[in-house]
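Novice: Shown below is the structure under consideration.
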Amino acid sequence: MNPANQVLKYANSYQLESKNKFCPEKVERILHEVVAESVTVDTRYDAVESPKMALKLSADLRERVKDLQFDRYKLVCVIQISEKAGQGLLTLSQALWDENRDSYALFTFENYHLTISAAVYALYCE
């Protein structure tokens, strides 16, 4: 058989647990660092710049968390930036969840002008 046409076969590892399990404490530190690098107590909400800031924060966050090399996890990074204009804010999330393997990390930054909520959801994939 020609090596170029050869089909590779992989044996099942039967590994059910991650070798490097998701650690919310490490990720929460990263969330705090990434947000602190981008905003100050004087940062104001801007309807044009805030979506760009959210994209940048999300990309930076995703790369920093990927560097921790949590194997067998899909990562979902969510950044929400909202203006404080005298109103209340309630954010909910809902998903199918394996409470033994899936996890998350949250961080919220708040000043007089805006609120930034950052979340990383780690979903275990076998």
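Residues are named by chain letter and number: chains run A, B, ... in the order of the structure tokens, numbers start at 1 in each chain, and ligands are numbered from 1 in the order shown.
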Just want the 12 Å neighbourhood of Asp60 of chain A, counted on only C-alpha atoms, with same-chain residues fewer than 2 positions away dropped. Output as a list of chain:residue names.

Specialist: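 The neighbour list is A:Ile30, A:Leu31, A:Glu33, A:Val34, A:Val35, A:Glu37, A:Ser38, A:Met53, A:Ala54, A:Leu55, A:Lys56, A:Leu57, A:Ser58, A:Arg62, A:Glu63, A:Arg64, A:Val65, A:Lys66, A:Asp67, A:Cys77, A:Val78, A:Ile79, A:Ala118.
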
Novice: Looking only at the backbone, which of the residues in segment 51-98 of chain A does DSSP tag as helix (DSSP H, G or I), as a list in words?

Specialist: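 Everything in segment 51-98 of chain A that counts as helix (DSSP H, G or I) is Pro51, Lys52, Met53, Ala54, Leu55, Lys56, Leu57, Ser58, Ala59, Asp60, Leu61, Arg62, Glu63, Arg64, Val65 and Lys66 of chain A.
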
Novice: For Arg29 of chain A, work out the shell of residues within 10 Å, counting only C-alpha atoms and skipping chain neighbours fewer than 3 positions away, then give it as a PDB file with C-alpha atoms, in the first residue's frame.

Specialist:
```pdb
ATOM      1  CA  PRO A  24     -11.617  28.545  38.072  1.00  0.00           C
ATOM      2  CA  GLU A  25      -9.261  30.321  40.494  1.00  0.00           C
ATOM      3  CA  LYS A  26      -6.492  30.619  37.878  1.00  0.00           C
ATOM      4  CA  HIS A  32      -9.066  40.346  36.595  1.00  0.00           C
ATOM      5  CA  GLU A  33      -5.690  41.017  34.897  1.00  0.00           C
ATOM      6  CA  VAL A  34      -7.133  41.290  31.368  1.00  0.00           C
ATOM      7  CA  ALA A 105     -15.109  31.645  36.130  1.00  0.00           C
ATOM      8  CA  LEU A 106     -16.624  35.120  36.520  1.00  0.00           C
ATOM      9  CA  PHE A 107     -15.323  38.620  37.110  1.00  0.00           C
TER      10      PHE A 107
END
```

Novice: Can you measure atom CA of His113 of chain A to atom CA of Asp42 of chain A for me? One decimal in Å is fine.

Specialist: 7.9 Å

Novice: If you run DSSP over the backbone, which residues in chain A end up strand (DSSP E or B)? Put them as number ranges by chain.

Specialist: A: 73-83, 103-110, 114-124

Novice: Point out the residue among A:Val120, A:Cys125, A:Ala85, A:Cys23 with the least atom-to-atom distance to Ala59 of chain A, counting only C-alpha atoms.

Specialist: A:Val120

Novice: For each of A:Asp71, A:Glu83, A:Glu99, A:Glu110, take the minimum atom-to-atom distance to Ser18 of chain A, counting only C-alpha atoms, then give the residue where this is smallest.

Specialist: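 Of A:Asp71, A:Glu83, A:Glu99, A:Glu110, the one nearest Ser18 of chain A is A:Asp71, counting only C-alpha atoms.
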
Novice: May I ask which of the residues A:Leu16, A:Val7, A:Val27, A:Leu114 is the closest one to Phe70 of chain A, counting only C-alpha atoms?

Specialist: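 Under the stated criterion, the closest residue is A:Val27.
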
Novice: Find the spatial neighbours of segment 91-95 of chain A, counting only C-alpha atoms, within a cut-off of 10 Å - ignore same-chain residues fewer than 3 positions away - and output them as a VMD selection string.

Specialist: chain A and resid 80 98 117

Novice: Taking only C-alpha atoms into account, which of A:Arg101, A:Arg44, A:Lys52, A:Lys21 comes nearest Gln69 of chain A?

Specialist: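 Closest to Gln69 of chain A, using only C-alpha atoms: A:Lys21.
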
Novice: For Leu123 of chain A, which of A:Gln6, A:Gln87, A:Val76, A:Ser82 is the closest residue, counting only C-alpha atoms?

Specialist: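 Using only C-alpha atoms, Leu123 of chain A sits closest to A:Val76.
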
Novice: Do you have the atom CA of Glu49 of chain A-atom CA of Ala119 of chain A distance handy?

Specialist: 20.1 Å

Novice: Measuring between only C-alpha atoms, which one of A:Thr43, A:Arg72, A:Pro51, A:Tyr124 shows the shortest distance to Lys19 of chain A?

Specialist: A:Arg72
